[in-house]
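Raw model_1.tsv, TSV, C-alpha atoms:
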```tsv
chain	number	residue	atom	x	y	z
A	1	MET	CA	14.99	-2.41	32.37
A	2	GLU	CA	18.23	-0.97	31.06
A	3	ILE	CA	18.57	0.09	27.40
A	4	PRO	CA	22.09	-0.34	25.92
A	5	ALA	CA	23.98	2.83	24.94
A	6	GLY	CA	23.28	4.32	21.51
A	7	PHE	CA	19.71	3.02	21.15
A	8	THR	CA	16.82	5.47	20.88
A	9	PRO	CA	13.07	4.66	21.03
A	10	ILE	CA	11.18	4.44	17.73
A	11	GLN	CA	8.12	6.67	17.27
A	12	HIS	CA	5.39	4.37	15.93
A	13	SER	CA	2.67	5.55	13.58
A	14	ALA	CA	1.14	2.05	13.61
A	15	ALA	CA	-1.29	1.13	16.41
A	16	PHE	CA	0.09	-2.43	16.45
A	17	GLY	CA	3.63	-1.06	16.90
A	18	LYS	CA	2.43	0.91	19.93
A	19	LEU	CA	0.66	-2.19	21.31
A	20	THR	CA	3.71	-4.47	21.07
A	21	GLY	CA	6.50	-1.90	21.62
A	22	PRO	CA	8.55	-0.07	22.70
A	23	PHE	CA	11.22	-0.81	20.10
A	24	TYR	CA	14.64	0.82	19.85
A	25	GLU	CA	17.06	1.59	17.05
A	26	LYS	CA	20.76	2.33	16.64
A	27	PRO	CA	22.75	3.14	13.48
A	28	GLU	CA	25.28	0.43	12.59
A	29	GLY	CA	27.81	0.07	9.77
A	30	GLU	CA	27.42	2.06	6.58
A	31	GLY	CA	23.81	3.25	6.36
A	32	GLY	CA	22.77	0.20	8.38
A	33	PHE	CA	20.77	-0.15	11.57
A	34	VAL	CA	19.94	-2.53	14.36
A	35	ARG	CA	16.49	-2.58	15.97
A	36	ALA	CA	15.89	-4.05	19.42
A	37	LEU	CA	13.42	-4.72	22.21
A	38	ARG	CA	13.62	-5.73	25.86
A	39	VAL	CA	11.33	-8.78	26.33
A	40	ALA	CA	8.39	-7.70	28.51
A	41	GLU	CA	5.92	-10.09	30.14
A	42	LYS	CA	3.15	-9.00	27.72
A	43	LEU	CA	5.09	-10.56	24.79
A	44	THR	CA	5.37	-14.06	26.28
A	45	ASN	CA	3.38	-17.30	25.92
A	46	SER	CA	2.53	-19.94	28.51
A	47	PHE	CA	6.16	-21.26	28.40
A	48	ASP	CA	7.45	-17.79	29.47
A	49	ILE	CA	9.22	-17.39	26.12
A	50	VAL	CA	8.35	-14.80	23.47
A	51	HIS	CA	5.18	-15.86	21.60
A	52	GLY	CA	5.83	-17.17	18.07
A	53	GLY	CA	3.57	-14.45	16.71
A	54	MET	CA	5.59	-11.75	18.46
A	55	MET	CA	8.87	-13.18	17.13
A	56	MET	CA	7.42	-12.91	13.61
A	57	THR	CA	6.05	-9.43	14.36
A	58	PHE	CA	9.49	-8.16	15.36
A	59	ALA	CA	11.08	-9.86	12.33
A	60	ASP	CA	8.45	-8.19	10.11
A	61	ILE	CA	9.21	-4.78	11.67
A	62	VAL	CA	12.97	-5.25	11.13
A	63	LEU	CA	12.63	-6.49	7.53
A	64	ALA	CA	10.13	-3.77	6.60
A	65	ARG	CA	12.50	-1.12	8.00
A	66	ALA	CA	15.30	-2.28	5.68
A	67	CYS	CA	12.90	-2.39	2.70
A	68	ARG	CA	11.62	1.16	3.30
A	69	GLU	CA	15.22	2.38	3.47
A	70	ALA	CA	16.14	0.65	0.19
A	71	ALA	CA	12.98	1.66	-1.66
A	72	SER	CA	12.35	5.11	-0.15
A	73	ALA	CA	8.68	4.15	0.10
A	74	PRO	CA	6.36	2.38	2.55
A	75	VAL	CA	5.95	-1.37	2.08
A	76	VAL	CA	3.51	-4.18	2.90
A	77	THR	CA	4.46	-7.83	3.51
A	78	LEU	CA	3.76	-10.28	0.64
A	79	ARG	CA	5.55	-13.39	1.90
A	80	MET	CA	7.64	-14.36	4.90
A	81	VAL	CA	9.57	-17.53	5.75
A	82	THR	CA	10.55	-17.75	9.40
A	83	ASN	CA	12.79	-20.25	11.19
A	84	PHE	CA	12.65	-20.35	14.99
A	85	VAL	CA	16.17	-21.29	16.07
A	86	ALA	CA	16.08	-20.65	19.84
A	87	PRO	CA	13.67	-19.04	22.29
A	88	ALA	CA	13.82	-15.48	23.67
A	89	ARG	CA	12.97	-15.17	27.36
A	90	LEU	CA	11.58	-12.54	29.72
A	91	GLY	CA	14.18	-9.78	30.19
A	92	ASP	CA	16.29	-10.72	27.13
A	93	TRP	CA	17.59	-7.87	24.92
A	94	LEU	CA	16.51	-9.03	21.45
A	95	GLU	CA	18.19	-7.43	18.42
A	96	GLY	CA	17.20	-7.56	14.75
A	97	ARG	CA	19.18	-6.86	11.58
A	98	ALA	CA	18.19	-7.14	7.92
A	99	LYS	CA	19.76	-6.84	4.49
A	100	VAL	CA	18.01	-6.14	1.21
A	101	THR	CA	18.87	-8.65	-1.52
A	102	ARG	CA	17.13	-6.83	-4.36
A	103	ALA	CA	14.74	-3.94	-4.84
A	104	THR	CA	12.70	-3.65	-8.05
A	105	ARG	CA	10.09	-1.01	-8.97
A	106	SER	CA	7.41	-2.91	-7.06
A	107	LEU	CA	9.08	-5.57	-4.85
A	108	VAL	CA	11.85	-5.79	-2.27
A	109	TYR	CA	13.57	-9.09	-1.35
A	110	VAL	CA	15.09	-9.10	2.12
A	111	THR	CA	16.66	-11.44	4.68
A	112	GLY	CA	17.10	-10.88	8.39
A	113	ARG	CA	18.14	-12.33	11.70
A	114	LEU	CA	17.12	-11.88	15.32
A	115	SER	CA	19.76	-12.44	17.99
A	116	ILE	CA	20.45	-12.29	21.72
A	117	GLY	CA	24.09	-11.36	22.23
A	118	ARG	CA	25.98	-13.45	19.64
A	119	LYS	CA	23.32	-16.16	19.49
A	120	THR	CA	20.92	-16.30	16.51
A	121	VAL	CA	17.35	-16.99	17.67
A	122	LEU	CA	15.42	-16.53	14.39
A	123	THR	CA	16.10	-16.21	10.67
A	124	ALA	CA	13.61	-14.72	8.22
A	125	ASP	CA	13.35	-14.27	4.49
A	126	GLY	CA	10.74	-11.95	3.05
A	127	VAL	CA	9.25	-10.31	-0.01
A	128	PHE	CA	7.60	-6.91	0.43
A	129	ARG	CA	5.56	-4.80	-1.96
A	130	LEU	CA	6.13	-1.07	-2.34
A	131	VAL	CA	3.18	1.21	-1.68
A	132	ARG	CA	3.84	4.42	-3.61
A	133	ARG	CA	0.20	5.26	-4.08
A	134	GLU	CA	-3.06	4.20	-2.45
A	135	ARG	CA	-3.82	1.94	-5.45
A	136	ASP	CA	-0.64	-0.07	-4.72
A	137	LEU	CA	-2.37	-1.45	-1.65
A	138	PRO	CA	-3.56	-5.04	-2.15
A	139	PRO	CA	-7.20	-4.93	-3.37
A	140	ALA	CA	-9.87	-5.41	-0.69
B	1	MET	CA	-18.89	-5.22	17.45
B	2	GLU	CA	-21.18	-8.15	16.78
B	3	ILE	CA	-19.91	-11.74	17.20
B	4	PRO	CA	-21.49	-14.30	14.81
B	5	ALA	CA	-23.66	-17.03	16.37
B	6	GLY	CA	-21.92	-20.14	17.72
B	7	PHE	CA	-18.59	-18.46	18.54
B	8	THR	CA	-17.36	-18.33	22.15
B	9	PRO	CA	-14.39	-16.34	23.51
B	10	ILE	CA	-11.12	-18.24	24.10
B	11	GLN	CA	-9.60	-18.12	27.59
B	12	HIS	CA	-5.91	-17.29	27.06
B	13	SER	CA	-3.16	-18.53	29.32
B	14	ALA	CA	-0.58	-16.62	27.24
B	15	ALA	CA	0.06	-12.94	27.99
B	16	PHE	CA	0.52	-12.23	24.26
B	17	GLY	CA	-2.86	-13.83	23.55
B	18	LYS	CA	-4.48	-11.48	26.06
B	19	LEU	CA	-2.63	-8.49	24.54
B	20	THR	CA	-3.75	-9.18	20.97
B	21	GLY	CA	-7.16	-10.80	21.63
B	22	PRO	CA	-10.01	-11.38	22.14
B	23	PHE	CA	-10.21	-14.43	19.86
B	24	TYR	CA	-13.26	-16.65	19.36
B	25	GLU	CA	-13.83	-20.28	18.46
B	26	LYS	CA	-16.60	-22.43	17.04
B	27	PRO	CA	-16.67	-26.20	16.41
B	28	GLU	CA	-16.90	-27.05	12.70
B	29	GLY	CA	-17.06	-30.35	10.82
B	30	GLU	CA	-15.89	-33.58	12.43
B	31	GLY	CA	-13.65	-32.65	15.36
B	32	GLY	CA	-12.67	-29.46	13.55
B	33	PHE	CA	-12.82	-25.82	14.57
B	34	VAL	CA	-12.73	-22.29	13.26
B	35	ARG	CA	-11.07	-19.48	15.21
B	36	ALA	CA	-11.88	-15.83	14.57
B	37	LEU	CA	-11.33	-12.22	15.57
B	38	ARG	CA	-13.01	-8.89	14.90
B	39	VAL	CA	-10.33	-6.47	13.62
B	40	ALA	CA	-9.82	-3.79	16.29
B	41	GLU	CA	-7.91	-0.54	15.76
B	42	LYS	CA	-5.03	-1.78	17.97
B	43	LEU	CA	-4.20	-4.51	15.40
B	44	THR	CA	-3.74	-2.15	12.43
B	45	ASN	CA	-0.74	-0.50	10.76
B	46	SER	CA	-0.40	2.96	9.23
B	47	PHE	CA	-2.41	1.81	6.15
B	48	ASP	CA	-5.39	0.95	8.42
B	49	ILE	CA	-5.03	-2.74	7.55
B	50	VAL	CA	-4.06	-5.50	9.99
B	51	HIS	CA	-0.30	-5.36	10.66
B	52	GLY	CA	1.70	-8.13	8.96
B	53	GLY	CA	2.94	-9.26	12.37
B	54	MET	CA	-0.61	-9.59	13.65
B	55	MET	CA	-1.68	-11.58	10.57
B	56	MET	CA	1.16	-14.02	11.32
B	57	THR	CA	0.28	-14.02	15.03
B	58	PHE	CA	-3.29	-15.09	14.30
B	59	ALA	CA	-2.08	-17.69	11.78
B	60	ASP	CA	0.32	-19.02	14.44
B	61	ILE	CA	-2.51	-19.25	16.99
B	62	VAL	CA	-4.75	-21.10	14.52
B	63	LEU	CA	-2.04	-23.53	13.39
B	64	ALA	CA	-0.86	-24.22	16.96
B	65	ARG	CA	-4.45	-24.98	18.00
B	66	ALA	CA	-4.73	-27.69	15.33
B	67	CYS	CA	-1.32	-29.12	16.30
B	68	ARG	CA	-2.22	-29.34	20.01
B	69	GLU	CA	-5.45	-31.13	19.10
B	70	ALA	CA	-3.61	-33.66	16.90
B	71	ALA	CA	-0.73	-34.22	19.33
B	72	SER	CA	-2.55	-33.91	22.67
B	73	ALA	CA	0.40	-31.82	23.88
B	74	PRO	CA	1.51	-28.17	23.84
B	75	VAL	CA	3.64	-27.07	20.88
B	76	VAL	CA	6.16	-24.38	19.91
B	77	THR	CA	6.66	-23.00	16.40
B	78	LEU	CA	9.74	-24.23	14.50
B	79	ARG	CA	9.08	-22.84	11.03
B	80	MET	CA	6.35	-20.88	9.31
B	81	VAL	CA	5.82	-19.87	5.69
B	82	THR	CA	3.23	-17.16	5.24
B	83	ASN	CA	1.68	-15.73	2.07
B	84	PHE	CA	-0.23	-12.45	2.37
B	85	VAL	CA	-2.99	-12.71	-0.24
B	86	ALA	CA	-5.24	-9.74	0.62
B	87	PRO	CA	-5.50	-7.23	3.47
B	88	ALA	CA	-7.87	-7.39	6.46
B	89	ARG	CA	-9.38	-4.05	7.47
B	90	LEU	CA	-10.76	-2.44	10.60
B	91	GLY	CA	-14.07	-4.10	11.55
B	92	ASP	CA	-13.55	-7.21	9.37
B	93	TRP	CA	-14.49	-10.60	10.87
B	94	LEU	CA	-11.34	-12.64	10.23
B	95	GLU	CA	-11.58	-16.44	10.41
B	96	GLY	CA	-8.81	-19.04	10.57
B	97	ARG	CA	-8.83	-22.78	9.82
B	98	ALA	CA	-6.00	-25.32	9.87
B	99	LYS	CA	-5.42	-28.97	8.98
B	100	VAL	CA	-2.65	-31.21	10.28
B	101	THR	CA	-0.73	-32.98	7.50
B	102	ARG	CA	1.30	-35.28	9.73
B	103	ALA	CA	2.10	-35.68	13.43
B	104	THR	CA	5.19	-37.61	14.54
B	105	ARG	CA	6.47	-38.21	18.08
B	106	SER	CA	8.19	-34.81	18.09
B	107	LEU	CA	6.88	-32.73	15.14
B	108	VAL	CA	3.57	-31.64	13.64
B	109	TYR	CA	3.20	-30.46	10.03
B	110	VAL	CA	0.22	-28.19	9.45
B	111	THR	CA	-1.33	-25.88	6.84
B	112	GLY	CA	-3.88	-23.16	7.35
B	113	ARG	CA	-5.83	-20.34	5.84
B	114	LEU	CA	-7.25	-17.03	7.05
B	115	SER	CA	-10.37	-15.71	5.34
B	116	ILE	CA	-12.97	-12.94	5.38
B	117	GLY	CA	-16.28	-14.37	4.23
B	118	ARG	CA	-15.38	-16.60	1.26
B	119	LYS	CA	-12.20	-14.66	0.41
B	120	THR	CA	-8.79	-16.09	1.38
B	121	VAL	CA	-6.53	-13.37	2.82
B	122	LEU	CA	-3.54	-15.46	4.00
B	123	THR	CA	-2.15	-18.96	3.62
B	124	ALA	CA	0.36	-20.49	6.03
B	125	ASP	CA	2.37	-23.67	6.25
B	126	GLY	CA	4.08	-24.57	9.51
B	127	VAL	CA	6.14	-27.08	11.45
B	128	PHE	CA	5.66	-27.22	15.22
B	129	ARG	CA	7.54	-29.10	17.91
B	130	LEU	CA	5.76	-30.97	20.68
B	131	VAL	CA	6.58	-29.96	24.25
B	132	ARG	CA	5.81	-32.99	26.41
B	133	ARG	CA	8.35	-32.15	29.08
B	134	GLU	CA	10.26	-29.00	30.08
B	135	ARG	CA	13.40	-30.40	28.37
B	136	ASP	CA	11.57	-30.46	25.03
B	137	LEU	CA	11.73	-26.67	25.01
B	138	PRO	CA	14.38	-25.35	22.61
B	139	PRO	CA	17.66	-24.87	24.57
B	140	ALA	CA	18.34	-21.36	25.84
```
Is it possible to express this structure as structure tokens?
Amino acid sequence: MEIPAGFTPIQHSAAFGKLTGPFYEKPEGEGGFVRALRVAEKLTNSFDIVHGGMMMTFADIVLARACREAASAPVVTLRMVTNFVAPARLGDWLEGRAKVTRATRSLVYVTGRLSIGRKTVLTADGVFRLVRRERDLPPA
Amino acid sequence: MEIPAGFTPIQHSAAFGKLTGPFYEKPEGEGGFVRALRVAEKLTNSFDIVHGGMMMTFADIVLARACREAASAPVVTLRMVTNFVAPARLGDWLEGRAKVTRATRSLVYVTGRLSIGRKTVLTADGVFRLVRRERDLPPA
């Protein structure tokens, strides 16, 4: 499947990123980015559309990317609100963009959007927690 | 890894279920169920905890299961609100339960919870849409 010009593959440190990827990224605007994926069969459900869990996974990856950029630190998800607006189908080129609303010393508030061409397919609103040290991880 | 007594593997029709599984199920209470998974390395992020996207994927699978049971029809996710309460780690036995709040002719409202032993690790609240016919699928 063809990858649009300007996108380069992301190198994943996370096993779950490797499992569900590949994902691609391209710089956009001032310090911004767009992430994307080509919908493969492995990401679909029994309706041949992208599984709801995978839509949220990609949204999480896109939102977390914007948070890390704003906070200059790794983050973990605390809360996510996801609206499924339209389905993504096998072969679709799915793009994701996000914008940080506010970053504090410990939290980042972020909103994002997944789209196919000019059509919005998902909106998401999240809160992430910064992980500067091991003890910032949520307690076991 | 050991599977607790009473749980049987789920047969997935969805490619994404096969990719992220195996998942297990056990009847519980009156007409109820519990679904579960043993956290494998492939589901983790760079902090060695279950990736946020995978936590939402499992929550989606658990909530959708309860909706299908209540509606006697397949469903697609319309909206999900997810709170990440504590992490799940490699080797953990992660269980999920859900309860339908209301089912109408087209929508199902549902809440659910993921837990490890007696500890809640995630809460979720969702709205799903029934798919009785192909035209019930969200428009492309």
What gap, in Å, lies between atom CA of A:Ala71 and atom CA of A:Val127?
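That distance, rounded to one decimal, is 12.6 Å.
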Which polymer residues have any atom within 10 Å of an atom of A:Trp93, counting only C-alpha atoms, with same-chain residues fewer than 3 positions away left out, as a VMD selection string?
chain A and resid 1 to 4 36 to 40 88 to 90 115 to 117
Dump C-alpha atoms for the selected residues as a short mmCIF file (atom, residue, chain, number, x, y, z; two decimals), in the frame of the given file?
```
data_model
loop_
_atom_site.label_atom_id
_atom_site.label_comp_id
_atom_site.auth_asym_id
_atom_site.auth_seq_id
_atom_site.Cartn_x
_atom_site.Cartn_y
_atom_site.Cartn_z
CA MET A 1 14.99 -2.41 32.37
CA GLU A 2 18.23 -0.97 31.06
CA ILE A 3 18.57 0.09 27.40
CA PRO A 4 22.09 -0.34 25.92
CA ALA A 36 15.89 -4.05 19.42
CA LEU A 37 13.42 -4.72 22.21
CA ARG A 38 13.62 -5.73 25.86
CA VAL A 39 11.33 -8.78 26.33
CA ALA A 40 8.39 -7.70 28.51
CA ALA A 88 13.82 -15.48 23.67
CA ARG A 89 12.97 -15.17 27.36
CA LEU A 90 11.58 -12.54 29.72
CA SER A 115 19.76 -12.44 17.99
CA ILE A 116 20.45 -12.29 21.72
CA GLY A 117 24.09 -11.36 22.23
#
```
Go through B:Arg35, B:Met54, B:Arg129, B:Gly6 and flag the residue nearest A:Thr20, using all atoms listed in the file for the distances.
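Of B:Arg35, B:Met54, B:Arg129, B:Gly6, the one nearest A:Thr20 is B:Met54, counting all atoms listed in the file.
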Best match for closeness to B:Met56 among B:Ala103, B:Val81, B:Ala5, B:Leu130, counting all atoms listed in the file
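Ranked by minimum distance to B:Met56, first place goes to B:Val81.
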Rounded to one decimal place, report the atom CA of B:Val108-atom CA of B:Arg68 distance in Å.
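The value is 8.9 Å.
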Residue list for chain B near chain A as a PyMOL selection string, 7 Å, only C-alpha atoms:
chain B and resi 13-16+19+41-46+51-54+56-57+60+77-84+86-87+138-140
Atomic separation - atom CA of A:Arg105 relative to atom CA of A:Val62, Å
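About the pair atom CA of A:Val62 and atom CA of A:Arg105: they are 20.7 Å apart.
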